[in-house]
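A.B. asks: Here you go, this is data-v1.pdb (PDB, C-alpha atoms).
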```pdb
ATOM      1  CA  MET A   7      16.572  86.812  33.002  1.00  0.00           C
ATOM      2  CA  SER A   8      15.062  88.841  35.848  1.00  0.00           C
ATOM      3  CA  ILE A   9      15.057  92.614  35.987  1.00  0.00           C
ATOM      4  CA  ASP A  10      15.545  94.775  39.089  1.00  0.00           C
ATOM      5  CA  ILE A  11      12.786  97.398  39.281  1.00  0.00           C
ATOM      6  CA  ASN A  12      13.153  98.859  42.768  1.00  0.00           C
ATOM      7  CA  ARG A  13      11.583 102.309  43.085  1.00  0.00           C
ATOM      8  CA  ILE A  14      14.775 104.177  43.867  1.00  0.00           C
ATOM      9  CA  ILE A  15      13.219 107.633  44.124  1.00  0.00           C
ATOM     10  CA  GLY A  16      10.086 107.876  46.257  1.00  0.00           C
ATOM     11  CA  LEU A  17       7.249 110.360  46.147  1.00  0.00           C
ATOM     12  CA  THR A  18       8.753 112.597  48.849  1.00  0.00           C
ATOM     13  CA  GLN A  19      12.012 112.905  46.898  1.00  0.00           C
ATOM     14  CA  GLU A  20      10.046 113.463  43.675  1.00  0.00           C
ATOM     15  CA  LYS A  21       8.143 116.373  45.246  1.00  0.00           C
ATOM     16  CA  ARG A  22      11.398 117.865  46.588  1.00  0.00           C
ATOM     17  CA  ILE A  23      13.029 117.636  43.145  1.00  0.00           C
ATOM     18  CA  GLU A  24       9.982 119.309  41.611  1.00  0.00           C
ATOM     19  CA  THR A  25      10.234 122.184  44.094  1.00  0.00           C
ATOM     20  CA  GLU A  26      14.013 122.557  43.761  1.00  0.00           C
ATOM     21  CA  THR A  27      13.992 122.579  39.956  1.00  0.00           C
ATOM     22  CA  GLY A  28      10.805 124.593  39.498  1.00  0.00           C
ATOM     23  CA  VAL A  29       9.193 122.193  37.014  1.00  0.00           C
ATOM     24  CA  GLU A  30       5.475 121.447  37.032  1.00  0.00           C
ATOM     25  CA  ASN A  31       3.759 118.070  37.399  1.00  0.00           C
ATOM     26  CA  LEU A  32       6.969 116.084  37.797  1.00  0.00           C
ATOM     27  CA  HIS A  33       6.539 112.316  37.692  1.00  0.00           C
ATOM     28  CA  ILE A  34       9.319 109.768  38.069  1.00  0.00           C
ATOM     29  CA  GLY A  35       7.792 106.449  37.083  1.00  0.00           C
ATOM     30  CA  PHE A  36       9.184 102.959  36.853  1.00  0.00           C
ATOM     31  CA  GLN A  37       6.509 101.442  34.586  1.00  0.00           C
ATOM     32  CA  ASN A  38       7.898  99.650  31.546  1.00  0.00           C
ATOM     33  CA  GLN A  39       7.343 102.175  28.737  1.00  0.00           C
ATOM     34  CA  PHE A  40      10.517 102.483  26.659  1.00  0.00           C
ATOM     35  CA  ALA A  41      13.321 100.174  25.564  1.00  0.00           C
ATOM     36  CA  GLU A  42      15.902 102.655  26.945  1.00  0.00           C
ATOM     37  CA  GLN A  43      14.689 101.854  30.457  1.00  0.00           C
ATOM     38  CA  ARG A  44      16.324  98.420  30.322  1.00  0.00           C
ATOM     39  CA  GLN A  45      19.889  99.001  31.456  1.00  0.00           C
ATOM     40  CA  ILE A  46      22.517  96.442  32.393  1.00  0.00           C
ATOM     41  CA  ASP A  47      25.012  96.667  35.240  1.00  0.00           C
ATOM     42  CA  PRO A  48      28.649  95.495  34.910  1.00  0.00           C
ATOM     43  CA  SER A  49      27.748  91.983  36.133  1.00  0.00           C
ATOM     44  CA  GLY A  50      25.059  91.585  33.466  1.00  0.00           C
ATOM     45  CA  HIS A  51      21.954  92.044  35.648  1.00  0.00           C
ATOM     46  CA  GLN A  52      19.157  94.116  34.160  1.00  0.00           C
ATOM     47  CA  HIS A  53      17.715  97.164  35.905  1.00  0.00           C
ATOM     48  CA  ARG A  54      14.789  99.365  34.917  1.00  0.00           C
ATOM     49  CA  ALA A  55      15.543 103.071  34.767  1.00  0.00           C
ATOM     50  CA  PRO A  56      12.711 105.496  35.450  1.00  0.00           C
ATOM     51  CA  VAL A  57      10.898 107.683  32.961  1.00  0.00           C
ATOM     52  CA  VAL A  58      11.034 111.310  34.096  1.00  0.00           C
ATOM     53  CA  SER A  59       8.173 113.445  32.804  1.00  0.00           C
ATOM     54  CA  TRP A  60       6.955 116.983  33.513  1.00  0.00           C
ATOM     55  CA  GLN A  61       4.866 119.752  32.000  1.00  0.00           C
ATOM     56  CA  GLU A  62       6.463 122.713  30.247  1.00  0.00           C
ATOM     57  CA  ASN A  63       4.274 125.329  28.522  1.00  0.00           C
ATOM     58  CA  GLY A  64       1.377 122.867  28.321  1.00  0.00           C
ATOM     59  CA  GLU A  65       3.575 120.222  26.704  1.00  0.00           C
ATOM     60  CA  THR A  66       4.649 116.944  28.315  1.00  0.00           C
ATOM     61  CA  ARG A  67       8.383 116.397  28.198  1.00  0.00           C
ATOM     62  CA  ARG A  68      10.234 113.264  29.216  1.00  0.00           C
ATOM     63  CA  PHE A  69      13.559 111.497  29.314  1.00  0.00           C
ATOM     64  CA  VAL A  70      15.088 108.254  30.563  1.00  0.00           C
ATOM     65  CA  PRO A  71      18.272 108.824  32.604  1.00  0.00           C
ATOM     66  CA  MET A  72      21.301 106.564  32.324  1.00  0.00           C
ATOM     67  CA  LEU A  73      21.831 104.598  35.511  1.00  0.00           C
ATOM     68  CA  THR A  74      25.185 104.420  37.238  1.00  0.00           C
ATOM     69  CA  PHE A  75      26.025 101.487  39.475  1.00  0.00           C
ATOM     70  CA  GLN A  76      27.890 100.859  42.712  1.00  0.00           C
ATOM     71  CA  VAL A  77      29.214  97.584  44.042  1.00  0.00           C
ATOM     72  CA  ASN A  78      26.612  96.197  46.446  1.00  0.00           C
ATOM     73  CA  VAL A  79      28.552  95.857  49.683  1.00  0.00           C
ATOM     74  CA  THR A  80      25.643  95.330  52.061  1.00  0.00           C
ATOM     75  CA  GLU A  81      25.509  92.143  54.113  1.00  0.00           C
ATOM     76  CA  THR A  82      22.115  91.144  52.687  1.00  0.00           C
ATOM     77  CA  PRO A  83      23.346  89.736  49.336  1.00  0.00           C
ATOM     78  CA  TRP A  84      26.099  87.741  51.023  1.00  0.00           C
ATOM     79  CA  LEU A  85      23.746  86.335  53.672  1.00  0.00           C
ATOM     80  CA  LYS A  86      21.053  85.421  51.141  1.00  0.00           C
ATOM     81  CA  LYS A  87      23.611  83.707  48.941  1.00  0.00           C
ATOM     82  CA  VAL A  88      25.047  81.722  51.877  1.00  0.00           C
ATOM     83  CA  LEU A  89      21.542  80.651  52.934  1.00  0.00           C
ATOM     84  CA  GLY A  90      20.628  79.794  49.350  1.00  0.00           C
ATOM     85  CA  ILE A  91      17.572  82.055  49.465  1.00  0.00           C
ATOM     86  CA  GLU A  92      18.391  84.082  46.360  1.00  0.00           C
ATOM     87  CA  GLU A  93      21.253  85.679  44.580  1.00  0.00           C
ATOM     88  CA  GLU A  94      21.077  89.475  44.489  1.00  0.00           C
ATOM     89  CA  PRO A  95      22.909  91.524  41.899  1.00  0.00           C
ATOM     90  CA  ASP A  96      26.531  92.332  42.650  1.00  0.00           C
ATOM     91  CA  TYR A  97      25.754  95.951  41.788  1.00  0.00           C
ATOM     92  CA  ARG A  98      23.056  98.374  42.804  1.00  0.00           C
ATOM     93  CA  VAL A  99      21.883 101.619  41.278  1.00  0.00           C
ATOM     94  CA  ASP A 100      23.620 104.692  42.676  1.00  0.00           C
ATOM     95  CA  ALA A 101      20.519 106.521  43.949  1.00  0.00           C
ATOM     96  CA  ASP A 102      22.374 109.759  44.756  1.00  0.00           C
ATOM     97  CA  ALA A 103      23.850 109.933  41.257  1.00  0.00           C
ATOM     98  CA  LEU A 104      20.428 109.239  39.742  1.00  0.00           C
ATOM     99  CA  GLU A 105      18.802 112.050  41.709  1.00  0.00           C
ATOM    100  CA  ALA A 106      21.632 114.464  40.825  1.00  0.00           C
ATOM    101  CA  ASP A 107      21.368 113.550  37.127  1.00  0.00           C
ATOM    102  CA  ILE A 108      17.595 114.078  37.114  1.00  0.00           C
ATOM    103  CA  LYS A 109      17.937 117.477  38.807  1.00  0.00           C
ATOM    104  CA  HIS A 110      20.689 118.542  36.404  1.00  0.00           C
ATOM    105  CA  ARG A 111      18.740 117.519  33.301  1.00  0.00           C
ATOM    106  CA  LEU A 112      15.561 119.227  34.522  1.00  0.00           C
ATOM    107  CA  GLN A 113      17.456 122.438  35.243  1.00  0.00           C
ATOM    108  CA  GLU A 114      19.125 122.306  31.815  1.00  0.00           C
ATOM    109  CA  ALA A 115      15.745 121.752  30.141  1.00  0.00           C
ATOM    110  CA  ARG A 116      14.305 124.772  31.980  1.00  0.00           C
ATOM    111  CA  LYS A 117      17.282 126.939  30.929  1.00  0.00           C
ATOM    112  CA  ALA A 118      16.834 125.886  27.312  1.00  0.00           C
ATOM    113  CA  ASP A 119      13.111 126.615  27.486  1.00  0.00           C
ATOM    114  CA  VAL A 120      13.688 130.073  28.985  1.00  0.00           C
ATOM    115  CA  ALA A 121      16.336 130.858  26.348  1.00  0.00           C
ATOM    116  CA  SER A 122      13.937 129.936  23.532  1.00  0.00           C
ATOM    117  CA  VAL A 123      11.232 132.336  24.753  1.00  0.00           C
TER     118      VAL A 123
END
```
Step by step, read the file and then write its structure as structure tokens.

C.D. replies:
Amino acid sequence: MSIDINRIIGLTQEKRIETETGVENLHIGFQNQFAEQRQIDPSGHQHRAPVVSWQENGETRRFVPMLTFQVNVTETPWLKKVLGIEEEPDYRVDADALEADIKHRLQEARKADVASV
């Protein structure tokens, strides 16, 4: 079974998230590192979630966000299927929800770190 590993969040967005949340050395990577990265959409297609890592007080912290999915309503999947080129997943990762979740979790981690000092 194939796995969808599109880089949903690019380097420009990553830098913006780093600035907005105030974390240091943010990296949002899509390399296959943890089993939790393999997530399945409602139609059964596999997707790879990113690993989010950053530095906090000299320590590397990381998490793997849960992906949310939207029905893929673009014309591309329909056209490719009609032409017999390939069959794309019926769902796609909700990029806006992923970015919002990453920001929220980074901000919560910073609050927890500040509270523990």

A.B. asks: By how many Å are CA of Thr74 (chain A) and CA of Asp100 (chain A) apart?

C.D. replies: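 CA of Asp100 (chain A) lies 5.7 Å from CA of Thr74 (chain A).
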
A.B. asks: Using only C-alpha atoms for the distances, tell me which of A:Leu89, A:Ser49, A:Val57, A:Asn63 is nearest to Leu104 (chain A).

C.D. replies: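 Answer, going by the shortest atom-to-atom distance: A:Val57.
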
A.B. asks: Pull out every residue that the PyMOL selection byres ((chain A and resi 71) around 12) matches in the shown coordinates and put them as a ChimeraX atom specification.

C.D. replies: /A:34-36,40,42-45,54-59,68-70,72-74,99,101,103-112

A.B. asks: Which polymer residues have any atom within 10 Å of an atom of Arg116 (chain A), counting all atoms listed in the file, with same-chain residues fewer than 6 positions away left out, as a PyMOL selection string?

C.D. replies: chain A and resi 27-29+62+110+122

A.B. asks: Enter the distance from CA of Gly16 (chain A) to CA of Lys117 (chain A), in Å, rounded to one decimal.

C.D. replies: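 Atom-to-atom, CA of Gly16 (chain A) and CA of Lys117 (chain A) are spaced 25.5 Å apart.
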
A.B. asks: Rounded to one decimal place, report the CA of Gln113 (chain A)-CA of Glu20 (chain A) distance in Å.

C.D. replies: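 That distance, rounded to one decimal, is 14.4 Å.
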
A.B. asks: Written as a list in words, which residues does the PyMOL selection byres ((chain A and resi 76) around 7) give for the file shown?

C.D. replies: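 When the PyMOL selection byres ((chain A and resi 76) around 7) is applied to the shown file, the picked residues are Phe75, Val77, Asn78, Tyr97, Arg98, Val99 and Asp100 of chain A.
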